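Trainee: Structure: input_18.cif, mmCIF, C-alpha atoms, pLDDT in the B column; chains and numbers go by the auth columns.
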```
data_query
loop_
_atom_site.group_PDB
_atom_site.id
_atom_site.type_symbol
_atom_site.label_atom_id
_atom_site.label_comp_id
_atom_site.label_asym_id
_atom_site.label_seq_id
_atom_site.Cartn_x
_atom_site.Cartn_y
_atom_site.Cartn_z
_atom_site.B_iso_or_equiv
_atom_site.auth_seq_id
_atom_site.auth_asym_id
ATOM 1 C CA LEU A 1 100.482 121.455 73.783 68.00 1 A
ATOM 2 C CA ALA A 2 100.007 120.386 70.182 69.00 2 A
ATOM 3 C CA GLN A 3 97.684 117.620 71.352 68.00 3 A
ATOM 4 C CA ILE A 4 95.593 120.147 73.264 69.00 4 A
ATOM 5 C CA GLU A 5 95.349 122.505 70.306 66.00 5 A
ATOM 6 C CA VAL A 6 94.798 119.870 67.606 67.00 6 A
ATOM 7 C CA GLY A 7 93.061 117.082 69.496 61.00 7 A
ATOM 8 C CA GLY A 8 90.761 119.308 71.464 59.00 8 A
ATOM 9 C CA ALA A 9 91.761 117.779 74.800 65.00 9 A
ATOM 10 C CA ALA A 10 89.581 119.083 77.575 75.00 10 A
ATOM 11 C CA LEU A 11 90.984 121.867 79.728 78.00 11 A
ATOM 12 C CA PRO A 12 89.376 123.167 82.899 82.00 12 A
ATOM 13 C CA ARG A 13 86.887 125.975 82.359 82.00 13 A
ATOM 14 C CA GLY A 14 88.699 129.295 82.060 85.00 14 A
ATOM 15 C CA VAL A 15 92.067 127.754 81.099 84.00 15 A
ATOM 16 C CA SER A 16 93.172 128.255 77.515 84.00 16 A
ATOM 17 C CA ALA A 17 95.808 126.436 75.486 82.00 17 A
ATOM 18 C CA ALA A 18 97.614 129.791 75.225 86.00 18 A
ATOM 19 C CA ALA A 19 97.722 130.106 79.028 89.00 19 A
ATOM 20 C CA VAL A 20 99.064 126.551 79.375 87.00 20 A
ATOM 21 C CA GLY A 21 101.703 127.254 76.712 88.00 21 A
ATOM 22 C CA SER A 22 102.743 130.443 78.466 92.00 22 A
ATOM 23 C CA GLU A 23 103.138 128.614 81.779 92.00 23 A
ATOM 24 C CA VAL A 24 105.150 125.805 80.152 89.00 24 A
ATOM 25 C CA ARG A 25 107.511 128.342 78.579 92.00 25 A
ATOM 26 C CA ARG A 26 107.851 130.223 81.882 93.00 26 A
ATOM 27 C CA MET A 27 108.669 127.073 83.865 88.00 27 A
ATOM 28 C CA ARG A 28 111.042 125.768 81.187 87.00 28 A
ATOM 29 C CA SER A 29 113.017 129.027 81.336 92.00 29 A
ATOM 30 C CA ARG A 30 113.191 128.764 85.143 89.00 30 A
ATOM 31 C CA PHE A 31 114.505 125.203 84.935 83.00 31 A
ATOM 32 C CA GLU A 32 117.044 126.222 82.311 87.00 32 A
ATOM 33 C CA ALA A 33 118.201 129.085 84.547 92.00 33 A
ATOM 34 C CA LEU A 34 118.829 126.542 87.320 88.00 34 A
ATOM 35 C CA GLU A 35 120.868 124.486 84.838 87.00 35 A
ATOM 36 C CA LEU A 36 119.283 121.253 86.014 83.00 36 A
ATOM 37 C CA PRO A 37 120.406 118.370 83.842 87.00 37 A
ATOM 38 C CA VAL A 38 117.822 116.100 82.267 90.00 38 A
ATOM 39 C CA VAL A 39 118.266 112.541 83.516 93.00 39 A
ATOM 40 C CA ASN A 40 116.408 109.253 83.363 95.00 40 A
ATOM 41 C CA GLY A 41 113.966 109.152 86.224 94.00 41 A
ATOM 42 C CA HIS A 42 111.117 107.139 87.692 95.00 42 A
ATOM 43 C CA GLY A 43 108.603 109.947 87.214 93.00 43 A
ATOM 44 C CA ASP A 44 106.287 108.819 90.015 93.00 44 A
ATOM 45 C CA LEU A 45 108.560 108.210 92.984 89.00 45 A
ATOM 46 C CA LYS A 46 106.436 108.041 96.094 86.00 46 A
ATOM 47 C CA PRO A 47 106.297 105.703 99.091 84.00 47 A
ATOM 48 C CA SER A 48 103.590 103.510 97.548 88.00 48 A
ATOM 49 C CA ASN A 49 105.912 102.773 94.592 91.00 49 A
ATOM 50 C CA LEU A 50 108.716 101.444 96.802 88.00 50 A
ATOM 51 C CA MET A 51 108.462 97.913 98.124 91.00 51 A
ATOM 52 C CA ILE A 52 110.589 96.924 101.117 87.00 52 A
ATOM 53 C CA PRO A 53 110.101 93.423 102.551 84.00 53 A
ATOM 54 C CA ALA A 54 108.994 93.596 106.183 80.00 54 A
ATOM 55 C CA SER A 55 111.910 91.398 107.263 73.00 55 A
ATOM 56 C CA THR A 56 114.514 93.870 105.950 61.00 56 A
ATOM 57 C CA ALA A 57 112.586 97.052 106.731 54.00 57 A
ATOM 58 C CA ALA A 58 112.465 96.191 110.425 57.00 58 A
ATOM 59 C CA ALA A 59 116.220 95.548 110.501 56.00 59 A
ATOM 60 C CA ALA A 60 117.193 99.021 109.263 53.00 60 A
ATOM 61 C CA PRO A 61 116.044 102.018 111.348 52.00 61 A
ATOM 62 C CA SER A 62 116.403 104.462 108.439 50.00 62 A
ATOM 63 C CA ALA A 63 114.781 102.219 105.832 45.00 63 A
ATOM 64 C CA SER A 64 112.738 105.012 104.289 48.00 64 A
ATOM 65 C CA ALA A 65 115.794 107.223 103.825 47.00 65 A
ATOM 66 C CA SER A 66 117.829 104.362 102.404 47.00 66 A
ATOM 67 C CA ALA A 67 115.011 103.356 100.073 45.00 67 A
ATOM 68 C CA ALA A 68 114.543 106.872 98.806 48.00 68 A
ATOM 69 C CA ALA A 69 118.274 107.129 98.176 47.00 69 A
ATOM 70 C CA GLY A 70 118.030 104.138 95.866 47.00 70 A
ATOM 71 C CA SER A 71 119.475 101.428 98.076 46.00 71 A
ATOM 72 C CA THR A 72 119.933 98.106 96.364 47.00 72 A
ATOM 73 C CA GLY A 73 120.655 96.153 99.500 48.00 73 A
ATOM 74 C CA SER A 74 124.436 96.627 99.583 49.00 74 A
ATOM 75 C CA ALA A 75 126.126 97.911 102.688 50.00 75 A
ATOM 76 C CA SER A 76 129.408 99.596 103.561 55.00 76 A
ATOM 77 C CA ALA A 77 131.980 97.628 105.500 59.00 77 A
ATOM 78 C CA GLY A 78 130.956 97.505 109.155 65.00 78 A
ATOM 79 C CA ALA A 79 127.562 99.101 108.529 70.00 79 A
ATOM 80 C CA ALA A 80 124.227 97.445 109.186 71.00 80 A
ATOM 81 C CA PRO A 81 122.778 95.853 106.046 75.00 81 A
ATOM 82 C CA LEU A 82 120.449 98.104 104.102 73.00 82 A
ATOM 83 C CA PRO A 83 116.983 96.894 103.122 75.00 83 A
ATOM 84 C CA THR A 84 116.309 95.431 99.713 86.00 84 A
ATOM 85 C CA VAL A 85 114.196 97.888 97.729 87.00 85 A
ATOM 86 C CA THR A 86 112.051 97.168 94.694 92.00 86 A
ATOM 87 C CA PHE A 87 110.766 100.061 92.590 92.00 87 A
ATOM 88 C CA ILE A 88 107.403 99.553 90.869 95.00 88 A
ATOM 89 C CA ASP A 89 105.041 101.536 88.611 94.00 89 A
ATOM 90 C CA PHE A 90 107.261 102.736 85.764 95.00 90 A
ATOM 91 C CA GLU A 91 104.727 104.135 83.274 94.00 91 A
ATOM 92 C CA LEU A 92 105.941 107.707 83.882 94.00 92 A
ATOM 93 C CA ALA A 93 109.648 106.800 83.685 95.00 93 A
ATOM 94 C CA GLY A 94 111.761 108.731 81.220 95.00 94 A
ATOM 95 C CA ALA A 95 113.584 112.024 80.844 94.00 95 A
ATOM 96 C CA HIS A 96 113.040 114.355 83.809 92.00 96 A
ATOM 97 C CA TYR A 97 114.925 117.233 85.354 87.00 97 A
ATOM 98 C CA ARG A 98 117.275 115.983 88.056 85.00 98 A
ATOM 99 C CA GLY A 99 115.546 116.454 91.354 84.00 99 A
ATOM 100 C CA TYR A 100 112.001 115.851 90.075 88.00 100 A
ATOM 101 C CA ASP A 101 111.769 112.440 91.720 89.00 101 A
ATOM 102 C CA LEU A 102 112.984 113.910 95.017 86.00 102 A
ATOM 103 C CA TYR A 103 110.352 116.640 94.781 83.00 103 A
ATOM 104 C CA LYS A 104 107.672 114.031 94.111 85.00 104 A
ATOM 105 C CA LEU A 105 108.888 111.817 96.959 83.00 105 A
ATOM 106 C CA PHE A 106 108.950 114.605 99.539 81.00 106 A
ATOM 107 C CA ARG A 107 105.652 116.067 98.322 79.00 107 A
ATOM 108 C CA THR A 108 103.832 112.757 98.764 78.00 108 A
ATOM 109 C CA SER A 109 105.643 111.307 101.806 76.00 109 A
ATOM 110 C CA GLY A 110 103.969 113.379 104.462 75.00 110 A
ATOM 111 C CA HIS A 111 106.111 114.511 107.368 75.00 111 A
ATOM 112 C CA LEU A 112 109.646 113.101 107.560 74.00 112 A
ATOM 113 C CA SER A 113 111.458 113.351 110.872 81.00 113 A
ATOM 114 C CA HIS A 114 114.477 115.630 111.038 83.00 114 A
ATOM 115 C CA LYS A 115 116.657 112.561 111.703 86.00 115 A
ATOM 116 C CA ASN A 116 115.382 110.688 108.623 81.00 116 A
ATOM 117 C CA MET A 117 115.657 113.764 106.399 80.00 117 A
ATOM 118 C CA ARG A 118 119.276 114.331 107.466 86.00 118 A
ATOM 119 C CA ALA A 119 120.081 110.626 106.886 87.00 119 A
ATOM 120 C CA PHE A 120 118.506 110.773 103.437 82.00 120 A
ATOM 121 C CA LEU A 121 120.317 113.961 102.414 84.00 121 A
ATOM 122 C CA ARG A 122 123.654 112.698 103.769 89.00 122 A
ATOM 123 C CA ASP A 123 123.365 109.448 101.779 88.00 123 A
ATOM 124 C CA TYR A 124 122.076 111.219 98.670 82.00 124 A
ATOM 125 C CA LEU A 125 124.918 113.749 98.626 86.00 125 A
ATOM 126 C CA ARG A 126 127.456 110.976 99.242 88.00 126 A
ATOM 127 C CA CYS A 127 126.197 109.237 96.080 83.00 127 A
ATOM 128 C CA LEU A 128 126.459 112.303 93.809 76.00 128 A
#
```
Taking this structure as input, can you express it in the form of structure tokens?

Mentor:
Amino acid sequence: LAQIEVGGAALPRGVSAAAVGSEVRRMRSRFEALELPVVNGHGDLKPSNLMIPASTAAAAPSASASAAAGSTGSASAGAAPLPTVTFIDFELAGAHYRGYDLYKLFRTSGHLSHKNMRAFLRDYLRCL
């Protein structure tokens, strides 16, 4: 906000620095009410920032769910091997509210099947 006020950064017509500040304060209070911890995050987690080699992606039917859950290629005993995942595009990485990367991923992924969403949530909750 200080950069907008001091540096004269361009805002859309009809939007004031005061209105932006008010919205930031409103959203910050909502996040604080949810008691979401601030964690290190990617900041731009979306399918185009996950690289899964074709050879391993084809071997795992729930590759997108495993990738989104942060798979590093390890597998549980008796389970099919998980794909190797490489995260790219880290310029927005830093402190974020926990859950922001999930929001970004689901917002930009398009439609996920019920089966893949359940697999993702099951693996995510298991890792908490």

Trainee: With all atoms listed in the file counted, which protein, DNA or RNA residues have an atom no more than 9 Å from (112.6, 93.6, 95.3) in the file frame? Please answer as an mmCIF file with C-alpha atoms, in the frame of the given file.

Mentor:
```cif
data_model
loop_
_atom_site.group_PDB
_atom_site.id
_atom_site.type_symbol
_atom_site.label_atom_id
_atom_site.label_comp_id
_atom_site.auth_asym_id
_atom_site.auth_seq_id
_atom_site.Cartn_x
_atom_site.Cartn_y
_atom_site.Cartn_z
ATOM 1 C CA LEU A 50 108.716 101.444 96.802
ATOM 2 C CA MET A 51 108.462 97.913 98.124
ATOM 3 C CA ILE A 52 110.589 96.924 101.117
ATOM 4 C CA PRO A 53 110.101 93.423 102.551
ATOM 5 C CA THR A 72 119.933 98.106 96.364
ATOM 6 C CA THR A 84 116.309 95.431 99.713
ATOM 7 C CA VAL A 85 114.196 97.888 97.729
ATOM 8 C CA THR A 86 112.051 97.168 94.694
ATOM 9 C CA PHE A 87 110.766 100.061 92.590
#
```

Trainee: How would you write, as a count of residues only, the residues chosen by the PyMOL selection byres ((chain A and resi 34-40) around 10) on this structure?

Mentor: 17

Trainee: Check the smallest atom-to-atom distance from each of A:Gly21, A:Pro83, A:Gly110, A:Pro12 to Ala54 of chain A using only C-alpha atoms, then report the winner.

Mentor: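 Looking at the shortest contact to Ala54 of chain A, the residue is A:Pro83.
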
Trainee: Could you check which residues have any atom within 12 Å of (102.7, 113.4, 98.1), counting only C-alpha atoms with coordinates taken straight from the file, and then list them as a list of chain:residue names?

Mentor: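 Final list of nearby residues, as requested, is A:Asp44, A:Leu45, A:Lys46, A:Pro47, A:Ser48, A:Asn49, A:Asp101, A:Leu102, A:Tyr103, A:Lys104, A:Leu105, A:Phe106, A:Arg107, A:Thr108, A:Ser109, A:Gly110, A:His111, A:Leu112.
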
Trainee: One decimal, in Å: what's the spacing between atom CA of Phe120 of chain A and atom CA of Pro81 of chain A?

Mentor: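 Atom CA of Pro81 of chain A lies at a distance of 15.7 Å from atom CA of Phe120 of chain A.
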
Trainee: Between atom CA of Arg126 of chain A and atom CA of Ala80 of chain A, what distance in Å does the model show, to one decimal?

Mentor: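 Atom CA of Arg126 of chain A sits 17.1 Å away from atom CA of Ala80 of chain A.
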
Trainee: Could the centre and edge lengths of an axis-aligned box, enclosing all atoms of segment 90-107 of chain A in the file with 3 Å extra on each side, be given in Å to one decimal as lines of an AutoDock Vina configuration file?

Mentor:
```
center_x = 111.0
center_y = 110.0
center_z = 90.2
size_x = 18.5
size_y = 20.5
size_z = 24.7
```
